[in-house]
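File shown: structure-v9.txt. Contents: compact mmCIF, C-alpha atoms.
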# COMPACT_ATOMS: atom_id res chain seq x y z
CA MET R 1 -19.48 7.16 -9.96
CA ARG R 2 -17.44 9.24 -12.34
CA VAL R 3 -15.32 7.48 -14.96
CA VAL R 4 -12.82 8.84 -17.45
CA GLY R 5 -12.44 6.71 -20.58
CA ILE R 6 -9.23 6.93 -22.61
CA ASP R 7 -8.82 5.65 -26.18
CA PRO R 8 -5.03 5.85 -26.55
CA GLY R 9 -3.48 7.12 -29.74
CA LEU R 10 -0.45 9.13 -30.71
CA THR R 11 -2.16 11.47 -33.19
CA ARG R 12 -5.57 11.60 -31.49
CA CYS R 13 -5.99 10.26 -27.95
CA GLY R 14 -9.71 10.16 -27.14
CA VAL R 15 -10.81 11.22 -23.64
CA GLY R 16 -14.34 11.20 -22.21
CA ALA R 17 -15.86 11.63 -18.78
CA VAL R 18 -19.20 10.08 -17.79
CA GLU R 19 -21.02 10.20 -14.48
CA GLY R 20 -23.72 7.81 -13.28
CA ALA R 21 -24.47 4.40 -11.90
CA ILE R 22 -25.89 1.18 -13.19
CA GLY R 23 -29.69 1.40 -13.46
CA LYS R 24 -29.60 5.22 -13.39
CA PRO R 25 -29.27 7.75 -16.20
CA LEU R 26 -25.71 8.46 -17.28
CA ARG R 27 -24.47 11.98 -17.92
CA LEU R 28 -21.70 13.12 -20.25
CA LEU R 29 -19.31 15.52 -18.51
CA GLY R 30 -17.09 16.02 -21.52
CA ALA R 31 -15.39 14.43 -24.50
CA ASP R 32 -12.38 15.56 -26.45
CA THR R 33 -9.10 14.42 -27.98
CA VAL R 34 -5.52 15.14 -26.98
CA ARG R 35 -3.75 15.73 -30.29
CA THR R 36 -0.14 15.68 -31.31
CA THR R 37 1.39 16.18 -34.73
CA ALA R 38 3.72 13.89 -36.66
CA ASP R 39 6.31 16.68 -37.03
CA THR R 40 6.95 16.56 -33.27
CA ASP R 41 9.51 14.10 -31.83
CA LEU R 42 8.01 10.94 -30.34
CA PRO R 43 9.22 11.65 -26.77
CA GLN R 44 7.70 15.15 -26.87
CA ARG R 45 4.43 13.79 -28.31
CA LEU R 46 4.20 11.40 -25.36
CA VAL R 47 4.84 14.28 -22.94
CA GLN R 48 2.03 16.27 -24.61
CA ILE R 49 -0.28 13.27 -24.19
CA GLU R 50 0.75 12.96 -20.54
CA ARG R 51 -0.04 16.64 -19.95
CA GLY R 52 -3.37 16.40 -21.77
CA ILE R 53 -4.49 13.36 -19.77
CA ASP R 54 -3.27 14.85 -16.49
CA ALA R 55 -5.26 18.03 -17.21
CA TRP R 56 -8.34 15.93 -17.99
CA LEU R 57 -7.97 13.93 -14.74
CA ASP R 58 -7.42 17.17 -12.78
CA GLU R 59 -10.57 18.66 -14.26
CA HIS R 60 -12.91 15.67 -13.89
CA ARG R 61 -11.50 13.96 -10.75
CA PRO R 62 -12.81 10.52 -11.71
CA ASP R 63 -13.35 7.57 -9.33
CA ALA R 64 -11.94 5.21 -11.95
CA VAL R 65 -10.25 5.24 -15.34
CA ALA R 66 -11.03 2.90 -18.25
CA VAL R 67 -8.35 2.49 -20.92
CA GLU R 68 -8.76 0.64 -24.21
CA ARG R 69 -6.71 -2.55 -24.30
CA VAL R 70 -4.27 -2.54 -27.22
CA PHE R 71 -3.54 -5.66 -29.22
CA ALA R 72 -0.39 -6.53 -31.13
CA GLN R 73 -2.26 -7.77 -34.20
CA HIS R 74 -3.82 -4.34 -34.89
CA ASN R 75 -2.52 -2.00 -37.58
CA VAL R 76 1.23 -2.66 -37.34
CA SER R 77 2.29 0.80 -38.58
CA THR R 78 0.58 2.61 -35.69
CA VAL R 79 0.40 -0.05 -32.98
CA MET R 80 3.74 0.89 -31.35
CA GLY R 81 2.69 4.53 -30.93
CA THR R 82 -0.71 3.44 -29.63
CA ALA R 83 0.92 1.08 -27.12
CA GLN R 84 3.32 3.80 -25.96
CA ALA R 85 0.43 6.25 -25.54
CA SER R 86 -1.51 3.60 -23.60
CA GLY R 87 1.49 3.10 -21.30
CA VAL R 88 1.47 6.82 -20.58
CA ALA R 89 -2.30 6.81 -19.97
CA LEU R 90 -2.02 3.88 -17.53
CA VAL R 91 0.78 5.60 -15.61
CA CYS R 92 -1.17 8.89 -15.39
CA ALA R 93 -4.09 7.07 -13.77
CA ALA R 94 -2.17 4.59 -11.60
CA ARG R 95 0.19 7.10 -10.01
CA ARG R 96 -2.90 8.93 -8.69
CA ASN R 97 -3.91 5.60 -7.15
CA LEU R 98 -7.04 5.56 -9.29
CA PRO R 99 -8.46 2.13 -10.12
CA VAL R 100 -7.64 1.46 -13.77
CA ALA R 101 -9.44 -1.07 -15.93
CA LEU R 102 -8.58 -2.23 -19.42
CA HIS R 103 -11.51 -2.98 -21.71
CA THR R 104 -11.22 -4.33 -25.25
CA PRO R 105 -12.84 -2.43 -28.13
CA SER R 106 -15.30 -5.34 -28.44
CA GLU R 107 -16.29 -5.07 -24.78
CA ALA R 108 -16.93 -1.34 -25.15
CA LYS R 109 -18.96 -1.84 -28.34
CA ALA R 110 -20.94 -4.69 -26.81
CA ALA R 111 -21.65 -2.60 -23.71
CA VAL R 112 -23.26 0.24 -25.66
CA THR R 113 -24.74 -1.53 -28.72
CA GLY R 114 -25.17 -5.16 -27.64
CA SER R 115 -22.74 -6.28 -30.35
CA GLY R 116 -18.95 -6.49 -30.09
CA ARG R 117 -18.74 -6.02 -33.87
CA ALA R 118 -20.77 -2.81 -34.11
CA ASP R 119 -19.39 -0.13 -36.44
CA LYS R 120 -18.44 3.42 -35.43
CA GLN R 121 -21.80 4.87 -36.53
CA GLN R 122 -23.73 2.40 -34.40
CA VAL R 123 -21.53 3.18 -31.39
CA GLY R 124 -22.13 6.90 -31.98
CA THR R 125 -25.90 6.40 -32.26
CA MET R 126 -26.06 4.47 -28.98
CA VAL R 127 -23.80 6.90 -27.15
CA VAL R 128 -26.22 9.68 -28.19
CA ARG R 129 -29.21 7.63 -26.97
CA ILE R 130 -27.65 6.51 -23.66
CA LEU R 131 -26.41 9.96 -22.71
CA GLY R 132 -29.34 11.95 -24.16
CA LEU R 133 -27.16 13.99 -26.50
CA ASP R 134 -28.05 15.95 -29.64
CA ALA R 135 -25.17 14.47 -31.62
CA PRO R 136 -22.40 11.94 -31.04
CA PRO R 137 -19.11 13.26 -29.60
CA ARG R 138 -16.65 14.09 -32.39
CA PRO R 139 -14.23 12.85 -33.55
CA ALA R 140 -14.79 9.07 -33.36
CA ASP R 141 -11.87 8.71 -30.90
CA ALA R 142 -13.73 10.91 -28.40
CA ALA R 143 -16.91 8.83 -28.88
CA ASP R 144 -14.86 5.64 -28.33
CA ALA R 145 -13.49 7.05 -25.08
CA VAL R 146 -17.04 7.85 -23.94
CA ALA R 147 -18.18 4.30 -24.85
CA LEU R 148 -15.30 2.95 -22.73
CA ALA R 149 -16.43 5.01 -19.75
CA ILE R 150 -20.04 3.78 -20.16
CA CYS R 151 -18.75 0.20 -20.53
CA HIS R 152 -16.81 0.60 -17.29
CA ILE R 153 -19.75 1.92 -15.30
CA TRP R 154 -22.04 -0.86 -16.54
CA ARG R 155 -19.51 -3.70 -16.29
CA GLY R 156 -18.21 -2.39 -12.96
CA GLY R 157 -21.80 -2.29 -11.76
CA ALA R 158 -22.31 -5.89 -12.88
CA LYS R 159 -19.07 -6.99 -11.20
CA ALA R 160 -20.01 -5.17 -8.00
CA ARG R 161 -23.42 -6.93 -7.99
CA VAL R 162 -21.79 -10.33 -8.51
CA ALA R 163 -19.40 -9.61 -5.62
CA GLN R 164 -22.33 -8.50 -3.47
CA ALA R 165 -24.33 -11.65 -4.36
CA GLN R 166 -21.32 -13.82 -3.48
CA GLN R 167 -20.95 -12.05 -0.14
CA ASP R 168 -24.70 -12.45 0.55
CA PHE R 169 -24.51 -16.14 -0.34
CA ALA R 170 -21.46 -16.71 1.89
CA ARG R 171 -23.25 -14.94 4.74
CA LYS R 172 -26.36 -17.13 4.31
CA VAL R 173 -24.19 -20.28 4.29
CA GLU R 174 -22.48 -19.08 7.49
CA LEU R 175 -25.84 -18.32 9.15
CA ALA R 176 -27.17 -21.76 8.11
CA ARG R 177 -24.07 -23.40 9.60
CA GLN R 178 -24.51 -21.52 12.85
CA ALA R 179 -28.23 -22.47 12.97
CA HIS R 180 -27.26 -26.12 12.33
CA ARG R 181 -24.77 -26.11 15.25
CA ARG R 182 -27.36 -24.89 17.75
CA MET F 1 29.03 13.60 -21.77
CA ARG F 2 27.00 11.37 -19.54
CA VAL F 3 24.38 9.11 -21.13
CA VAL F 4 21.76 6.85 -19.57
CA GLY F 5 20.77 3.90 -21.76
CA ILE F 6 17.39 2.24 -21.24
CA ASP F 7 16.40 -1.18 -22.60
CA PRO F 8 12.64 -1.11 -21.96
CA GLY F 9 10.86 -4.16 -20.62
CA LEU F 10 8.00 -4.88 -18.30
CA THR F 11 9.67 -7.66 -16.27
CA ARG F 12 13.24 -6.36 -16.50
CA CYS F 13 13.93 -2.85 -17.73
CA GLY F 14 17.69 -2.46 -18.25
CA VAL F 15 19.32 0.81 -17.21
CA GLY F 16 22.95 1.82 -17.59
CA ALA F 17 24.94 5.02 -17.22
CA VAL F 18 28.15 5.72 -19.13
CA GLU F 19 30.36 8.78 -19.13
CA GLY F 20 32.88 9.76 -21.75
CA ALA F 21 33.39 11.23 -25.18
CA ILE F 22 34.29 9.93 -28.60
CA GLY F 23 38.02 9.24 -28.84
CA LYS F 24 38.40 9.13 -25.05
CA PRO F 25 38.01 6.24 -22.59
CA LEU F 26 34.44 5.54 -21.51
CA ARG F 27 33.56 4.88 -17.89
CA LEU F 28 30.67 2.82 -16.51
CA LEU F 29 28.82 4.71 -13.79
CA GLY F 30 26.32 1.94 -13.11
CA ALA F 31 24.09 -0.74 -14.61
CA ASP F 32 21.01 -2.38 -13.20
CA THR F 33 17.47 -3.45 -13.99
CA VAL F 34 14.15 -2.08 -12.81
CA ARG F 35 12.08 -5.19 -12.13
CA THR F 36 8.37 -5.78 -11.78
CA THR F 37 6.52 -9.03 -11.24
CA ALA F 38 3.72 -10.55 -13.28
CA ASP F 39 1.44 -10.77 -10.23
CA THR F 40 1.25 -6.95 -10.13
CA ASP F 41 -1.38 -5.11 -12.21
CA LEU F 42 -0.09 -3.64 -15.48
CA PRO F 43 -0.77 0.02 -14.48
CA GLN F 44 1.12 -0.46 -11.19
CA ARG F 45 4.01 -2.17 -12.99
CA LEU F 46 4.32 0.84 -15.28
CA VAL F 47 4.32 3.17 -12.26
CA GLN F 48 7.12 1.07 -10.69
CA ILE F 49 9.10 1.39 -13.93
CA GLU F 50 8.48 5.14 -13.97
CA ARG F 51 9.77 5.44 -10.38
CA GLY F 52 12.80 3.27 -11.10
CA ILE F 53 13.78 5.28 -14.18
CA ASP F 54 13.15 8.60 -12.42
CA ALA F 55 15.40 7.48 -9.52
CA TRP F 56 18.08 6.47 -12.04
CA LEU F 57 17.89 9.83 -13.84
CA ASP F 58 17.96 11.68 -10.49
CA GLU F 59 21.07 9.77 -9.45
CA HIS F 60 23.06 10.03 -12.68
CA ARG F 61 21.86 13.39 -14.08
CA PRO F 62 22.65 12.47 -17.70
CA ASP F 63 23.12 14.91 -20.59
CA ALA F 64 21.14 12.59 -22.86
CA VAL F 65 19.06 9.42 -22.75
CA ALA F 66 19.22 6.57 -25.29
CA VAL F 67 16.21 4.25 -25.46
CA GLU F 68 16.00 1.05 -27.48
CA ARG F 69 13.59 1.36 -30.40
CA VAL F 70 10.83 -1.26 -30.20
CA PHE F 71 9.52 -3.01 -33.29
CA ALA F 72 6.10 -4.51 -33.84
CA GLN F 73 7.45 -7.69 -35.40
CA HIS F 74 9.27 -8.72 -32.22
CA ASN F 75 7.92 -11.37 -29.83
CA VAL F 76 4.19 -10.65 -30.03
CA SER F 77 3.39 -11.93 -26.54
CA THR F 78 5.64 -9.38 -24.83
CA VAL F 79 5.82 -6.56 -27.39
CA MET F 80 2.85 -4.62 -26.00
CA GLY F 81 4.34 -4.51 -22.50
CA THR F 82 7.72 -3.55 -23.94
CA ALA F 83 6.14 -0.75 -25.98
CA GLN F 84 4.23 0.53 -22.95
CA ALA F 85 7.42 0.49 -20.85
CA SER F 86 9.26 2.33 -23.65
CA GLY F 87 6.51 4.98 -23.69
CA VAL F 88 7.06 5.50 -19.96
CA ALA F 89 10.85 5.68 -20.42
CA LEU F 90 10.53 8.27 -23.20
CA VAL F 91 8.20 10.42 -21.08
CA CYS F 92 10.53 10.23 -18.05
CA ALA F 93 13.38 11.61 -20.14
CA ALA F 94 11.47 14.10 -22.29
CA ARG F 95 9.63 15.82 -19.45
CA ARG F 96 13.05 16.69 -17.97
CA ASN F 97 13.85 18.26 -21.35
CA LEU F 98 16.67 15.79 -21.83
CA PRO F 99 17.58 14.97 -25.44
CA VAL F 100 16.25 11.48 -26.14
CA ALA F 101 17.48 9.26 -28.96
CA LEU F 102 16.08 5.95 -30.11
CA HIS F 103 18.59 3.38 -31.32
CA THR F 104 17.72 -0.02 -32.74
CA PRO F 105 19.19 -3.16 -31.17
CA SER F 106 21.25 -3.60 -34.37
CA GLU F 107 22.68 -0.10 -34.08
CA ALA F 108 23.71 -0.74 -30.46
CA LYS F 109 25.26 -4.12 -31.33
CA ALA F 110 27.06 -2.68 -34.33
CA ALA F 111 28.39 0.21 -32.24
CA VAL F 112 30.08 -2.05 -29.69
CA THR F 113 30.95 -5.17 -31.76
CA GLY F 114 31.09 -3.98 -35.35
CA SER F 115 28.23 -6.32 -36.27
CA GLY F 116 24.50 -5.62 -36.01
CA ARG F 117 23.88 -9.34 -35.65
CA ALA F 118 26.24 -10.01 -32.72
CA ASP F 119 24.89 -12.28 -29.96
CA LYS F 120 24.50 -11.35 -26.31
CA GLN F 121 27.83 -12.91 -25.34
CA GLN F 122 29.71 -10.89 -27.94
CA VAL F 123 28.01 -7.70 -26.78
CA GLY F 124 28.96 -8.54 -23.17
CA THR F 125 32.58 -9.22 -24.15
CA MET F 126 32.91 -5.90 -25.96
CA VAL F 127 31.17 -3.93 -23.19
CA VAL F 128 33.77 -5.40 -20.78
CA ARG F 129 36.61 -4.43 -23.12
CA ILE F 130 35.35 -0.92 -23.93
CA LEU F 131 34.67 -0.01 -20.31
CA GLY F 132 37.60 -1.89 -18.75
CA LEU F 133 35.40 -4.07 -16.54
CA ASP F 134 36.13 -7.38 -14.83
CA ALA F 135 32.86 -8.92 -16.02
CA PRO F 136 29.91 -7.90 -18.19
CA PRO F 137 27.01 -6.16 -16.43
CA ARG F 138 24.33 -8.68 -15.41
CA PRO F 139 21.65 -9.50 -16.39
CA ALA F 140 21.80 -9.17 -20.18
CA ASP F 141 19.19 -6.38 -20.10
CA ALA F 142 21.58 -4.23 -18.04
CA ALA F 143 24.41 -4.97 -20.52
CA ASP F 144 22.10 -4.03 -23.42
CA ALA F 145 21.30 -0.71 -21.73
CA VAL F 146 25.03 -0.03 -21.32
CA ALA F 147 25.62 -0.88 -25.01
CA LEU F 148 22.88 1.62 -25.92
CA ALA F 149 24.60 4.34 -23.90
CA ILE F 150 27.97 3.57 -25.57
CA CYS F 151 26.23 3.55 -28.97
CA HIS F 152 24.75 6.96 -28.22
CA ILE F 153 28.07 8.53 -27.21
CA TRP F 154 29.85 7.19 -30.30
CA ARG F 155 27.05 7.85 -32.79
CA GLY F 156 26.34 11.23 -31.21
CA GLY F 157 30.02 11.99 -31.51
CA ALA F 158 29.97 11.01 -35.18
CA LYS F 159 26.85 13.11 -35.78
CA ALA F 160 28.38 16.08 -33.98
CA ARG F 161 31.51 15.80 -36.17
CA VAL F 162 29.40 15.65 -39.34
CA ALA F 163 27.46 18.72 -38.19
CA GLN F 164 30.74 20.48 -37.39
CA ALA F 165 32.18 19.55 -40.80
CA GLN F 166 29.03 20.85 -42.53
CA GLN F 167 29.29 24.13 -40.60
CA ASP F 168 32.98 24.43 -41.47
CA PHE F 169 32.22 23.77 -45.13
CA ALA F 170 29.39 26.32 -45.20
CA ARG F 171 31.69 28.86 -43.58
CA LYS F 172 34.43 28.21 -46.21
CA VAL F 173 31.88 28.59 -49.02
CA GLU F 174 30.70 31.86 -47.52
CA LEU F 175 34.28 33.15 -47.15
CA ALA F 176 35.02 32.13 -50.76
CA ARG F 177 31.88 34.00 -51.91
CA GLN F 178 32.92 37.10 -50.00
CA ALA F 179 36.47 36.87 -51.46
CA HIS F 180 34.96 36.53 -54.97
CA ARG F 181 32.84 39.64 -54.52
CA ARG F 182 35.81 41.78 -53.57
Show me the file's structure as structure tokens.
Amino acid sequence: MRVVGIDPGLTRCGVGAVEGAIGKPLRLLGADTVRTTADTDLPQRLVQIERGIDAWLDEHRPDAVAVERVFAQHNVSTVMGTAQASGVALVCAARRNLPVALHTPSEAKAAVTGSGRADKQQVGTMVVRILGLDAPPRPADAADAVALAICHIWRGGAKARVAQAQQDFARKVELARQAHRR
Amino acid sequence: MRVVGIDPGLTRCGVGAVEGAIGKPLRLLGADTVRTTADTDLPQRLVQIERGIDAWLDEHRPDAVAVERVFAQHNVSTVMGTAQASGVALVCAARRNLPVALHTPSEAKAAVTGSGRADKQQVGTMVVRILGLDAPPRPADAADAVALAICHIWRGGAKARVAQAQQDFARKVELARQAHRR
């Protein structure tokens, strides 16, 4: 499966595309940032972010999109812009009828490093290792977007296996019931 | 001029359209809410808001859009959804190249009641009076959107007059300079 990760931000919105499946090697298709400058009006900045994300989704045609979940208690001076950018990112994905998942920064960090409190360097190191890169994607926002995509593939894989196990179990119960009736 | 006011919200997004000019009677073209339900996924709710606002802008073809400015210190449990909805509203307006202005709730209240701390009832009463209605637009979110549109027409008018006065002054200075040179 191909997943685009988006780390929303008004100044730098991280985007990353990763292809692969759980238990198989993952491959980085690309990582970048959509940038806007503070001297541009807020509405126009959001339109630039929309265009950047749309172009990224057009290019990589993902099966799913993973967006970082924004929390109110984060840096108050930038949180409104981040939330507005995340709203735009969610709309870009959902109006294409792509499945969209929200993962917290801790979930993404835990997925790639094993710890939800890992620092940026540790995330970068593990992204390099997991994807077989020469260096971590730059800037950190692009690396975060890639970590989100990896997180989604691995967590999605886990969820899919749980769903499969539940289906298998239900089927066995049904078969046992049928055998009991005979 | 025709202005669409938008009071962003995830559950009820107020929309209102007002036509008129400063010093002339204002006319209500319509007021409503775009509603989404909590049992819908966040990305789909934002897409529903996008569609609702786009339909509203298609119908009323405004010259400008006024969106309520969201603050981080507001109700923390709903502020993220409100900010995301406001991001969507700003994008809807800006990608049509419509001028978009952000007004604070206090500015809108002060515009219609004279006080930035007026309550919802007072705002409703003044919206009725200003627009010559039989009753205030319901629900309150629709009335707030209408107040934003009124605020924009009156503040925009004031700004336009200041700009005109500055131009007139600059022109007089220039004429005086030219007269002095002769």
If the cut-off is 6 Å, can you tell me the residues of chain F near chain R, counting only C-alpha atoms? I'd like them as a count of residues only. 10
Give me the residues within 7 Å of Asp63 in chain F as a list in words, counting only C-alpha atoms and dropping any in the same chain fewer than 6 places off.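 Close residues of Asp63 in chain F: Met1, Arg2, Val3 and Leu98 of chain F.
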Need the shell around range 17-27 of chain F: protein/DNA/RNA residues with any atom at most 8 Å away, counting all atoms listed in the file. Skip same-chain ones fewer than 3 positions apart. Format as a PDB file with C-alpha atoms, keeping the file's coordinate frame?
ATOM      1  CA  MET F   1      29.030  13.600 -21.770  1.00  0.00           C
ATOM      2  CA  ARG F   2      27.000  11.370 -19.540  1.00  0.00           C
ATOM      3  CA  VAL F   3      24.380   9.110 -21.130  1.00  0.00           C
ATOM      4  CA  VAL F   4      21.760   6.850 -19.570  1.00  0.00           C
ATOM      5  CA  GLY F   5      20.770   3.900 -21.760  1.00  0.00           C
ATOM      6  CA  GLY F  30      26.320   1.940 -13.110  1.00  0.00           C
ATOM      7  CA  ALA F  31      24.090  -0.740 -14.610  1.00  0.00           C
ATOM      8  CA  HIS F  60      23.060  10.030 -12.680  1.00  0.00           C
ATOM      9  CA  PRO F  62      22.650  12.470 -17.700  1.00  0.00           C
ATOM     10  CA  ILE F 130      35.350  -0.920 -23.930  1.00  0.00           C
ATOM     11  CA  LEU F 131      34.670  -0.010 -20.310  1.00  0.00           C
ATOM     12  CA  GLY F 132      37.600  -1.890 -18.750  1.00  0.00           C
ATOM     13  CA  VAL F 146      25.030  -0.030 -21.320  1.00  0.00           C
ATOM     14  CA  ALA F 149      24.600   4.340 -23.900  1.00  0.00           C
ATOM     15  CA  ILE F 150      27.970   3.570 -25.570  1.00  0.00           C
ATOM     16  CA  ILE F 153      28.070   8.530 -27.210  1.00  0.00           C
ATOM     17  CA  TRP F 154      29.850   7.190 -30.300  1.00  0.00           C
ATOM     18  CA  GLY F 157      30.020  11.990 -31.510  1.00  0.00           C
ATOM     19  CA  ALA F 158      29.970  11.010 -35.180  1.00  0.00           C
TER      20      ALA F 158
END
In Å to one decimal, how far is CA of Thr37 in chain F from CA of Val127 in chain F?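 Computing it gives 27.9 Å between the two atoms.
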Pick out the residues sitting within 10 Å of Pro105 in chain F, and hand them over as a list of chain:residue names; count all atoms listed in the file, and ignore anything fewer than 3 positions along from it in its own chain.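 Counting only the stated atoms, we get F:Asp7, F:Val67, F:Glu68, F:Arg69, F:Val70, F:Phe71, F:Leu102, F:Ala108, F:Lys109, F:Ala110, F:Ala111, F:Gly116, F:Arg117, F:Ala118, F:Asp144, F:Ala145, F:Ala147, F:Leu148, F:Cys151.
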Among listed residues F:Thr40, F:Arg181, F:Gly16, F:Thr11, nearest Leu57 in chain F (using all atoms listed in the file):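 Using all atoms listed in the file, Leu57 in chain F sits closest to F:Gly16.
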